[in-house]
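Worksheet for the structure shown next.
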Amino acid sequence: MDRTLLAWGLRRTRRAGQGLLPPRLWLFTDPHRLPDPRAAAAALPRGRAGVVLRHDDDPQRAALGRDLARICRERRLVLVVAGNARLAAGLRAGAHLRGGRWAGFPRRAGIVTSSAHSVPDLRRAARAGADLVFLSPAFPTASHPGAPGLGPLRWGAMVRRVPGIRVGALGGVDGTCLRRLPGDACQAAGAIGALAP
């Protein structure tokens with residue numbers, strides 16, 4: 001686990017259960033880069049982080065979801081589910097929208113996060129009422145080999161075009177590169193490898 005990223009996530013953050021602000025530190029599951037995210041979720045700081053369950057095409061997704069929900073309850077972490085309203089409801093988890101689109105989720109489902117890859121996505125997520133939007137890829141990432149990242153200047157400029165929403169960085173994020181993003185614009189960080197134990 002990237003200790004610099006962890007320290008950034010813990011600085012000036014509320015415990016996940018205290019108040020309405022979502023945590024600053026988020027583990028994103030990934031069936032290829034982190035096939036079994038249970039140990040990574042269990043290593044997250046108690047009450048100070050969240051987990052975004054993706055694993056969309058995994059036939060064992062429901063079982064993984066149940067295990068992650070148990071870990072999140074025990075450690076007071078926030079859990080959101082991408083792309084499956086029924087699973088989210090069954091796990092009593094929040095929703096992770098894609099590009100600000102509700103796609104079957106009820107309009108309020110606990111904490112709501114969203115992905116975004118463009119300014120229109122950011123605006124759609126803001127209209128959808130997302131509590132936190134992850135703009136990606138902030139930097140080149142192993143999830144999309146060879147694809148360019150937005151970089152600090154473009155990432156910050158895109159965030160500033162949609163004021164009034166909380167935006168986190170995703171894509172190639174670790175404790176070192178996170179410092180390159182504008183601190184006033186970056187409210188959270190999502191990671192896969194940097195949060196693996």
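In the structure tokens, each chain is lettered A, B, ... as it comes, each chain's residues begin at 1, and ligands are numbered from 1 in order of appearance.
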*asked:* Need the shell around Leu79 of chain A: protein/DNA/RNA residues with any atom at most 7 Å away, counting only C-alpha atoms. Skip same-chain ones fewer than 5 positions apart. Format as a PyMOL selection string?
replied: chain A and resi 50-52+69+72+93-94
For the residues selected in the previous step, produce a file with N, CA and C atoms as an mmCIF file, in the first residue's frame.
data_model
loop_
_atom_site.group_PDB
_atom_site.id
_atom_site.type_symbol
_atom_site.label_atom_id
_atom_site.label_comp_id
_atom_site.auth_asym_id
_atom_site.auth_seq_id
_atom_site.Cartn_x
_atom_site.Cartn_y
_atom_site.Cartn_z
ATOM 1 N N GLY A 50 -13.381 4.262 1.171
ATOM 2 C CA GLY A 50 -14.505 3.658 0.468
ATOM 3 C C GLY A 50 -14.027 2.632 -0.535
ATOM 4 N N VAL A 51 -14.961 1.805 -0.991
ATOM 5 C CA VAL A 51 -14.687 0.765 -1.987
ATOM 6 C C VAL A 51 -15.720 0.896 -3.096
ATOM 7 N N VAL A 52 -15.237 0.914 -4.335
ATOM 8 C CA VAL A 52 -16.120 0.905 -5.505
ATOM 9 C C VAL A 52 -16.057 -0.494 -6.103
ATOM 10 N N ALA A 69 -19.119 -6.232 1.456
ATOM 11 C CA ALA A 69 -20.086 -5.547 2.321
ATOM 12 C C ALA A 69 -19.813 -5.880 3.786
ATOM 13 N N CYS A 72 -16.679 -4.031 4.808
ATOM 14 C CA CYS A 72 -16.972 -2.590 4.929
ATOM 15 C C CYS A 72 -17.770 -2.292 6.193
ATOM 16 N N ALA A 93 -25.703 -0.942 -0.170
ATOM 17 C CA ALA A 93 -24.568 -0.116 -0.606
ATOM 18 C C ALA A 93 -25.076 1.081 -1.391
ATOM 19 N N GLY A 94 -24.188 2.025 -1.596
ATOM 20 C CA GLY A 94 -24.494 3.169 -2.432
ATOM 21 C C GLY A 94 -24.322 2.813 -3.902
#
*DSSP strand (DSSP E or B) residues within segment 11-136 of chain A, as a count of residues only*: 31
*asked:* So that I can check the secondary structure, give me every residue of segment 4-88 of chain A assigned helix (DSSP H, G or I) by backbone DSSP, as a ChimeraX atom specification.
replied: /A:4-10,38-42,61-75,85-88
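Shortest atom-to-atom contact with Gly146 of chain A among A:Phe28, A:Gly172, A:Ser114, A:Leu5: A:Gly172, counting only C-alpha atoms.
Residues in contact with Thr113 of chain A at up to 6 Å, not including ones fewer than 4 positions away on its chain and judged by only C-alpha atoms, are His96, Ala130, Asp131, Leu132 and Val133 of chain A.
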Give me the residues near Arg98 of chain A as a PDB file with N, CA, C and O atoms, in the first residue's frame, where near means some atom within 9 Å (using only C-alpha atoms) and where sequence neighbours in that chain fewer than 5 positions away do not count.
ATOM      1  N   ALA A  82     -21.090  -0.421  -8.801  1.00  0.00           N
ATOM      2  CA  ALA A  82     -21.225   0.107 -10.160  1.00  0.00           C
ATOM      3  C   ALA A  82     -22.130  -0.801 -10.987  1.00  0.00           C
ATOM      4  O   ALA A  82     -21.985  -2.020 -10.962  1.00  0.00           O
ATOM      5  N   GLY A  83     -23.079  -0.183 -11.674  1.00  0.00           N
ATOM      6  CA  GLY A  83     -23.823  -0.861 -12.720  1.00  0.00           C
ATOM      7  C   GLY A  83     -24.833  -1.917 -12.336  1.00  0.00           C
ATOM      8  O   GLY A  83     -25.328  -2.612 -13.214  1.00  0.00           O
ATOM      9  N   ALA A 103     -28.973   4.787 -14.850  1.00  0.00           N
ATOM     10  CA  ALA A 103     -29.039   3.426 -15.398  1.00  0.00           C
ATOM     11  C   ALA A 103     -29.626   2.400 -14.427  1.00  0.00           C
ATOM     12  O   ALA A 103     -28.984   1.429 -14.062  1.00  0.00           O
ATOM     13  N   THR A 113     -21.459   7.948  -6.039  1.00  0.00           N
ATOM     14  CA  THR A 113     -20.257   8.383  -6.732  1.00  0.00           C
ATOM     15  C   THR A 113     -20.489   8.193  -8.227  1.00  0.00           C
ATOM     16  O   THR A 113     -21.447   7.539  -8.636  1.00  0.00           O
ATOM     17  N   SER A 114     -19.619   8.771  -9.021  1.00  0.00           N
ATOM     18  CA  SER A 114     -19.751   8.631 -10.468  1.00  0.00           C
ATOM     19  C   SER A 114     -18.381   8.690 -11.116  1.00  0.00           C
ATOM     20  O   SER A 114     -17.467   9.331 -10.602  1.00  0.00           O
ATOM     21  N   SER A 115     -18.274   8.032 -12.252  1.00  0.00           N
ATOM     22  CA  SER A 115     -17.097   8.204 -13.094  1.00  0.00           C
ATOM     23  C   SER A 115     -17.353   9.389 -14.015  1.00  0.00           C
ATOM     24  O   SER A 115     -18.504   9.778 -14.251  1.00  0.00           O
ATOM     25  N   ALA A 116     -16.275   9.948 -14.545  1.00  0.00           N
ATOM     26  CA  ALA A 116     -16.371  11.003 -15.560  1.00  0.00           C
ATOM     27  C   ALA A 116     -15.089  10.984 -16.374  1.00  0.00           C
ATOM     28  O   ALA A 116     -13.996  10.791 -15.820  1.00  0.00           O
ATOM     29  N   ASP A 121     -19.555  14.711 -18.929  1.00  0.00           N
ATOM     30  CA  ASP A 121     -19.762  13.709 -17.880  1.00  0.00           C
ATOM     31  C   ASP A 121     -19.803  14.360 -16.504  1.00  0.00           C
ATOM     32  O   ASP A 121     -20.634  14.012 -15.662  1.00  0.00           O
ATOM     33  N   ALA A 125     -23.003  14.255 -14.013  1.00  0.00           N
ATOM     34  CA  ALA A 125     -22.874  13.740 -12.645  1.00  0.00           C
ATOM     35  C   ALA A 125     -23.331  14.784 -11.633  1.00  0.00           C
ATOM     36  O   ALA A 125     -23.981  14.455 -10.638  1.00  0.00           O
TER      37      ALA A 125
END
